[in-house]
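Student: Got a structure here, written out as C-alpha cells. Questions coming.
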Amino acid sequence: MTLAAQSHAAKPFRKRIADASEPYLYSAPALVLIVGVMLVPLVLGISYAFRDIQLLNPFSGGFIGLDHFRALGQDQAFFRALRNTLWWTGASVFLQFVFGLILALLLDKPFAGRGLVQALVFLPWAVPSFLAGLNWAWLFNPVIGPLPHWLYALGLLDAPNNILSDPQLAMWGPIAANVWWGIPFFAITLLAALQAIPRDLYEAASIDGAGPVQRFISITLPFLAPTIAITILLRTVWISNFADLIVVMTNGGPADRTQIVASYIFTQAFKRLDFGYASAIALVLLVLLLVYSLLIVLLRQTLLNKG
C-alpha cells in the first residue's frame, strides 16, 4: 500500500466527509442565492402561465392549463407587439453595432486626449434608462426641445411636430434614445477586442500591399467575429426585454404603434393586474429568445472552430 493510500485510510471517516464537502460548502451561499433569487421566481412565473392569477378577482388562482396560450393565439395586440419588437430590436441592435464599431475603430488609434474622449463616449452607459428616456422625450417635444425644429429645418418633417405622437414615426423616438444609450456597450467590447489583435499582422499586410479596406476585411473582421456574435446576442436579448424607454417615452402609444412584447407584459401585469396572462406572454418570449440564443451560440462556436 502506498504512503498516500495509508494516509487516506488513516483519516477518520468524518474528516474525509468534511474534506470532500468543503468545496460545496464554500459555494453553498452563492447557490442558495441563485436558487432563491433566480430559479424560484422563474418556476413560480412559469407556473402562473398555467393558472388564473388576477389580483382583482379573489376567486382566481386555479389551474386553467393552456387557456392563456389559446387566448394568446387570438390576441391581435400581442402579434402587433411581436412585430414591433422585431422592428425595435433589429433597428436598435444594428445601429448600436454600426456606431459602436465606428467609435471603437476611432478610439483604437492613438491621439491627444483619447482618455477624455473615451470617458465622454462611455458616459451614456452610466445614465439611468428612466432618465435617458425622460430627457429624450423632452428633446422630441417641440415646446421645449430642439429636435423637431432641427428635423423640420433639414426637411425631414413637414412641420416641427412631436414624432412621438405620430403613429408612423413614433417608434423612431425610443429607437434613437436606445441607440444613444447603448452605443457604449458595443464600443467598449469591440475596442477591447481590437486591442487584442496583434499589430504585426497589420504591418505584414501593409508590407504586402494590402490597403485599409483589405486589412479590415481580412484581419479585423475575422478577429472580431466571435466578439461580434456574443455582443449581438447579449444586446438582442437585453433590448427585447427592455421596456423602460418605451414606457417612459410613449407608454406603448400612439395606437399601440410602439407597444413591444416587454411593455405589453408590463401592461397586462401592472395595469390590468392579470399576472397569469402576463406570465404566459413572458413564457412565449422566453422560448423565442432561448431559440435565438442557441442559434447565435452555435454560430459563434462555428466561427471559433474555423478560426
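Quick note on naming: the chains in the C-alpha cells go A, B, ... in the order shown, residues restart at 1 in each chain, and ligands are numbered from 1 in order of appearance.
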Can you tell me, as a PyMOL selection string, what residues are no more than 9 Å from range 127-135 of chain A when counting only C-alpha atoms, ignoring any on the same chain fewer than 3 positions away?
Tutor: chain A and resi 123-124+138-140+174+177-178+181+244-249
Student: Enumerate the residues of range 43-239 of chain A with a DSSP assignment of helix (DSSP H, G or I), computed from the backbone, and present them as number ranges by chain.
Tutor: A: 43-48, 67-73, 76-107, 114-121, 123-126, 129-139, 147-153, 163-165, 172-195, 199-207, 212-239
Student: Considering only C-alpha atoms, return as a PyMOL selection string whatever protein or nucleic-acid residues lie within 9 Å of Tyr277 in chain A, sequence-local ones (same chain, fewer than 5 positions apart) excluded.
Tutor: chain A and resi 48-54+68-69+71-72+265+268-269+282
Student: Take the residues from that selection and put them in a file with all heavy atoms, as a compact mmCIF listing (two decimals), in the first residue's frame.
Tutor:
```
# COMPACT_ATOMS: atom_id res chain seq x y z
N TYR A 48 -47.43 30.43 -13.10
CA TYR A 48 -48.51 31.41 -13.26
C TYR A 48 -49.09 31.37 -14.68
O TYR A 48 -50.26 31.71 -14.87
CB TYR A 48 -48.00 32.81 -12.98
CG TYR A 48 -47.78 33.12 -11.52
CD1 TYR A 48 -47.19 34.32 -11.11
CD2 TYR A 48 -48.15 32.22 -10.54
CE1 TYR A 48 -46.99 34.60 -9.77
CE2 TYR A 48 -47.95 32.48 -9.20
CZ TYR A 48 -47.36 33.68 -8.82
OH TYR A 48 -47.16 33.96 -7.50
N ALA A 49 -48.27 30.98 -15.67
CA ALA A 49 -48.75 30.94 -17.05
C ALA A 49 -49.85 29.91 -17.23
O ALA A 49 -50.62 29.98 -18.20
CB ALA A 49 -47.58 30.64 -18.00
N PHE A 50 -49.95 28.95 -16.33
CA PHE A 50 -50.97 27.90 -16.43
C PHE A 50 -52.05 28.05 -15.35
O PHE A 50 -52.82 27.13 -15.12
CB PHE A 50 -50.31 26.53 -16.30
CG PHE A 50 -49.23 26.30 -17.32
CD1 PHE A 50 -47.89 26.56 -17.01
CD2 PHE A 50 -49.54 25.84 -18.59
CE1 PHE A 50 -46.89 26.35 -17.94
CE2 PHE A 50 -48.54 25.63 -19.52
CZ PHE A 50 -47.22 25.89 -19.21
N ARG A 51 -52.08 29.22 -14.71
CA ARG A 51 -53.07 29.47 -13.67
C ARG A 51 -53.74 30.81 -13.93
O ARG A 51 -53.23 31.67 -14.63
CB ARG A 51 -52.40 29.49 -12.28
CG ARG A 51 -51.78 28.17 -11.88
CD ARG A 51 -50.85 28.34 -10.70
NE ARG A 51 -51.53 28.92 -9.55
CZ ARG A 51 -50.91 29.40 -8.47
NH1 ARG A 51 -49.58 29.35 -8.41
NH2 ARG A 51 -51.59 29.91 -7.46
N ASP A 52 -54.93 30.96 -13.36
CA ASP A 52 -55.69 32.21 -13.49
C ASP A 52 -55.34 33.10 -12.30
O ASP A 52 -55.90 32.94 -11.22
CB ASP A 52 -57.19 31.91 -13.53
CG ASP A 52 -58.02 33.17 -13.70
OD1 ASP A 52 -57.46 34.18 -14.19
OD2 ASP A 52 -59.20 33.17 -13.31
N ILE A 53 -54.39 34.03 -12.51
CA ILE A 53 -53.91 34.90 -11.43
C ILE A 53 -54.33 36.33 -11.75
O ILE A 53 -53.68 37.04 -12.52
CB ILE A 53 -52.38 34.82 -11.27
CG1 ILE A 53 -51.93 33.37 -11.12
CG2 ILE A 53 -51.93 35.65 -10.07
CD1 ILE A 53 -52.39 32.70 -9.86
N GLN A 54 -55.45 36.76 -11.19
CA GLN A 54 -55.93 38.13 -11.35
C GLN A 54 -56.09 38.75 -9.97
O GLN A 54 -56.87 38.26 -9.14
CB GLN A 54 -57.27 38.15 -12.09
CG GLN A 54 -57.21 37.54 -13.49
CD GLN A 54 -58.54 37.64 -14.21
OE1 GLN A 54 -59.17 38.70 -14.24
NE2 GLN A 54 -58.97 36.54 -14.80
N HIS A 68 -54.53 30.33 -21.39
CA HIS A 68 -53.85 31.59 -21.68
C HIS A 68 -53.19 31.55 -23.06
O HIS A 68 -53.22 32.54 -23.81
CB HIS A 68 -52.79 31.88 -20.62
CG HIS A 68 -53.36 32.36 -19.32
ND1 HIS A 68 -54.40 33.26 -19.25
CD2 HIS A 68 -53.02 32.07 -18.03
CE1 HIS A 68 -54.68 33.51 -17.99
NE2 HIS A 68 -53.86 32.80 -17.23
N PHE A 69 -52.62 30.42 -23.41
CA PHE A 69 -51.94 30.32 -24.70
C PHE A 69 -52.94 30.26 -25.85
O PHE A 69 -52.65 30.74 -26.94
CB PHE A 69 -51.02 29.09 -24.70
CG PHE A 69 -49.94 29.14 -23.66
CD1 PHE A 69 -50.10 28.51 -22.44
CD2 PHE A 69 -48.77 29.86 -23.90
CE1 PHE A 69 -49.10 28.56 -21.47
CE2 PHE A 69 -47.78 29.92 -22.94
CZ PHE A 69 -47.95 29.28 -21.72
N ALA A 71 -55.81 31.87 -25.78
CA ALA A 71 -56.21 33.28 -25.91
C ALA A 71 -55.10 34.09 -26.58
O ALA A 71 -55.38 35.01 -27.37
CB ALA A 71 -56.53 33.86 -24.53
N LEU A 72 -53.86 33.74 -26.30
CA LEU A 72 -52.74 34.46 -26.88
C LEU A 72 -52.68 34.25 -28.39
O LEU A 72 -52.30 35.16 -29.15
CB LEU A 72 -51.44 33.97 -26.23
CG LEU A 72 -50.19 34.84 -26.41
CD1 LEU A 72 -50.42 36.22 -25.83
CD2 LEU A 72 -49.01 34.17 -25.73
N ILE A 265 -46.28 42.97 -21.64
CA ILE A 265 -46.28 42.21 -20.39
C ILE A 265 -46.49 43.14 -19.21
O ILE A 265 -47.26 42.85 -18.29
CB ILE A 265 -44.94 41.44 -20.25
CG1 ILE A 265 -44.83 40.37 -21.34
CG2 ILE A 265 -44.82 40.80 -18.87
CD1 ILE A 265 -43.47 39.72 -21.41
N GLN A 268 -50.17 44.18 -19.08
CA GLN A 268 -51.06 43.13 -18.59
C GLN A 268 -50.88 42.89 -17.09
O GLN A 268 -51.86 42.66 -16.37
CB GLN A 268 -50.80 41.83 -19.35
CG GLN A 268 -51.14 41.88 -20.83
CD GLN A 268 -52.63 42.03 -21.07
OE1 GLN A 268 -53.46 41.55 -20.29
NE2 GLN A 268 -52.99 42.71 -22.14
N ALA A 269 -49.64 42.97 -16.62
CA ALA A 269 -49.37 42.63 -15.23
C ALA A 269 -49.69 43.77 -14.27
O ALA A 269 -50.32 43.55 -13.23
CB ALA A 269 -47.91 42.21 -15.08
N ALA A 282 -44.81 36.23 -21.20
CA ALA A 282 -43.39 36.20 -20.85
C ALA A 282 -42.77 34.84 -21.18
O ALA A 282 -41.61 34.76 -21.61
CB ALA A 282 -43.21 36.52 -19.37
```
Student: I need the residue nearest Ser60 in chain A from this list: A:Tyr152, A:Phe223, A:Tyr292, A:Phe275. Use only C-alpha atoms for the distance.
Tutor: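 Distance minimum relative to Ser60 in chain A lands on A:Phe275.
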Student: Compile the contact shell of Arg199 in chain A as a list of chain:residue names: residues with an atom at most 12 Å away, counting only C-alpha atoms, same-chain residues fewer than 2 positions apart removed.
Tutor: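 Counting only the stated atoms, we get A:Asp108, A:Lys109, A:Leu194, A:Gln195, A:Ala196, A:Ile197, A:Leu201, A:Tyr202, A:Glu203, A:Ala204, A:Ala205, A:Ser206, A:Arg215, A:Ile219, A:Thr220.
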Student: Convert the current residue selection to file output with all heavy atoms, as a tab-separated table (two decimals), in the first residue's frame.
Tutor:
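Dumped to selection39.tsv:
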```
chain	number	residue	atom	x	y	z
A	108	ASP	N	-9.37	53.25	-31.18
A	108	ASP	CA	-8.23	52.34	-31.21
A	108	ASP	C	-6.96	53.04	-31.70
A	108	ASP	O	-5.86	52.53	-31.50
A	108	ASP	CB	-8.56	51.14	-32.11
A	108	ASP	CG	-7.54	50.03	-31.99
A	108	ASP	OD1	-7.12	49.73	-30.86
A	108	ASP	OD2	-7.16	49.46	-33.04
A	109	LYS	N	-7.13	54.18	-32.35
A	109	LYS	CA	-5.98	54.94	-32.85
A	109	LYS	C	-5.51	55.92	-31.77
A	109	LYS	O	-6.33	56.61	-31.15
A	109	LYS	CB	-6.35	55.72	-34.11
A	109	LYS	CG	-6.97	54.86	-35.21
A	109	LYS	CD	-6.02	53.79	-35.71
A	109	LYS	CE	-6.64	52.97	-36.83
A	109	LYS	NZ	-5.75	51.89	-37.31
A	194	LEU	N	-10.41	44.79	-30.37
A	194	LEU	CA	-9.47	45.39	-31.32
A	194	LEU	C	-8.06	45.47	-30.73
A	194	LEU	O	-7.06	45.22	-31.43
A	194	LEU	CB	-9.94	46.79	-31.72
A	194	LEU	CG	-11.08	46.87	-32.74
A	194	LEU	CD1	-11.58	48.31	-32.86
A	194	LEU	CD2	-10.63	46.35	-34.09
A	195	GLN	N	-7.98	45.84	-29.47
A	195	GLN	CA	-6.67	46.00	-28.85
A	195	GLN	C	-5.98	44.66	-28.61
A	195	GLN	O	-4.77	44.63	-28.33
A	195	GLN	CB	-6.82	46.76	-27.53
A	195	GLN	CG	-7.24	48.21	-27.73
A	195	GLN	CD	-7.48	48.95	-26.43
A	195	GLN	OE1	-7.61	48.33	-25.37
A	195	GLN	NE2	-7.53	50.27	-26.50
A	196	ALA	N	-6.71	43.56	-28.72
A	196	ALA	CA	-6.12	42.23	-28.56
A	196	ALA	C	-5.58	41.67	-29.87
A	196	ALA	O	-4.93	40.62	-29.87
A	196	ALA	CB	-7.15	41.26	-27.99
A	197	ILE	N	-5.82	42.34	-31.00
A	197	ILE	CA	-5.32	41.87	-32.29
A	197	ILE	C	-3.83	42.21	-32.40
A	197	ILE	O	-3.44	43.36	-32.19
A	197	ILE	CB	-6.11	42.53	-33.45
A	197	ILE	CG1	-7.60	42.20	-33.35
A	197	ILE	CG2	-5.56	42.07	-34.80
A	197	ILE	CD1	-8.45	42.89	-34.39
A	201	LEU	N	0.37	41.79	-37.52
A	201	LEU	CA	-0.43	41.32	-38.65
A	201	LEU	C	-0.75	42.46	-39.60
A	201	LEU	O	-0.68	42.30	-40.83
A	201	LEU	CB	-1.73	40.69	-38.13
A	201	LEU	CG	-1.60	39.39	-37.33
A	201	LEU	CD1	-2.96	38.92	-36.85
A	201	LEU	CD2	-0.93	38.31	-38.16
A	202	TYR	N	-1.08	43.62	-39.04
A	202	TYR	CA	-1.36	44.78	-39.88
A	202	TYR	C	-0.10	45.24	-40.61
A	202	TYR	O	-0.15	45.64	-41.78
A	202	TYR	CB	-1.92	45.92	-39.04
A	202	TYR	CG	-3.30	45.67	-38.50
A	202	TYR	CD1	-3.50	45.31	-37.17
A	202	TYR	CD2	-4.42	45.77	-39.31
A	202	TYR	CE1	-4.76	45.07	-36.66
A	202	TYR	CE2	-5.70	45.54	-38.83
A	202	TYR	CZ	-5.86	45.18	-37.49
A	202	TYR	OH	-7.12	44.95	-36.99
A	203	GLU	N	1.05	45.20	-39.92
A	203	GLU	CA	2.30	45.62	-40.54
A	203	GLU	C	2.67	44.69	-41.68
A	203	GLU	O	3.09	45.15	-42.76
A	203	GLU	CB	3.41	45.64	-39.49
A	203	GLU	CG	3.19	46.67	-38.38
A	203	GLU	CD	4.26	46.58	-37.30
A	203	GLU	OE1	5.15	45.71	-37.42
A	203	GLU	OE2	4.19	47.37	-36.33
A	204	ALA	N	2.49	43.38	-41.47
A	204	ALA	CA	2.80	42.43	-42.53
A	204	ALA	C	1.86	42.61	-43.72
A	204	ALA	O	2.30	42.57	-44.88
A	204	ALA	CB	2.71	41.00	-42.00
A	205	ALA	N	0.59	42.84	-43.45
A	205	ALA	CA	-0.37	43.05	-44.54
A	205	ALA	C	-0.07	44.33	-45.29
A	205	ALA	O	-0.21	44.40	-46.52
A	205	ALA	CB	-1.79	43.07	-43.98
A	206	SER	N	0.34	45.36	-44.56
A	206	SER	CA	0.68	46.63	-45.21
A	206	SER	C	1.90	46.49	-46.10
A	206	SER	O	1.95	47.04	-47.21
A	206	SER	CB	0.91	47.71	-44.15
A	206	SER	OG	1.23	48.94	-44.76
A	215	ARG	N	-7.24	45.24	-45.19
A	215	ARG	CA	-6.81	44.85	-43.85
A	215	ARG	C	-8.00	44.70	-42.91
A	215	ARG	O	-8.02	43.80	-42.07
A	215	ARG	CB	-5.82	45.90	-43.29
A	215	ARG	CG	-4.51	45.95	-44.03
A	215	ARG	CD	-3.44	46.68	-43.20
A	215	ARG	NE	-3.81	48.06	-42.95
A	215	ARG	CZ	-3.46	49.07	-43.74
A	215	ARG	NH1	-2.75	48.86	-44.84
A	215	ARG	NH2	-3.81	50.31	-43.43
A	219	ILE	N	-8.34	40.94	-41.72
A	219	ILE	CA	-7.73	40.80	-40.39
A	219	ILE	C	-8.72	41.19	-39.30
A	219	ILE	O	-9.01	40.40	-38.39
A	219	ILE	CB	-6.45	41.66	-40.27
A	219	ILE	CG1	-5.41	41.20	-41.28
A	219	ILE	CG2	-5.89	41.58	-38.86
A	219	ILE	CD1	-4.15	42.05	-41.30
A	220	THR	N	-9.25	42.41	-39.38
A	220	THR	CA	-10.06	42.93	-38.28
A	220	THR	C	-11.36	42.15	-38.11
A	220	THR	O	-11.68	41.69	-37.00
A	220	THR	CB	-10.38	44.42	-38.51
A	220	THR	OG1	-9.17	45.15	-38.71
A	220	THR	CG2	-11.13	45.00	-37.33
```
Student: Using only C-alpha atoms, which residue out of A:Gly253, A:Gly155, A:Gly45, A:Pro198 lies closest to Leu283 in chain A?
Tutor: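 Nearest candidate to Leu283 in chain A out of A:Gly253, A:Gly155, A:Gly45, A:Pro198: A:Gly45.
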Student: Using only C-alpha atoms, which residues sit within 12 Å of range 93-95 of chain A once same-chain residues fewer than 5 positions away are excluded, as a ChimeraX atom specification?
Tutor: /A:85-88,100-102,172,175-186,228-229,231-240
Student: CA of Ser27 in chain A and CA of Leu39 in chain A, how far apart in Å?
Tutor: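 Interatomic distance here is 16.4 Å.
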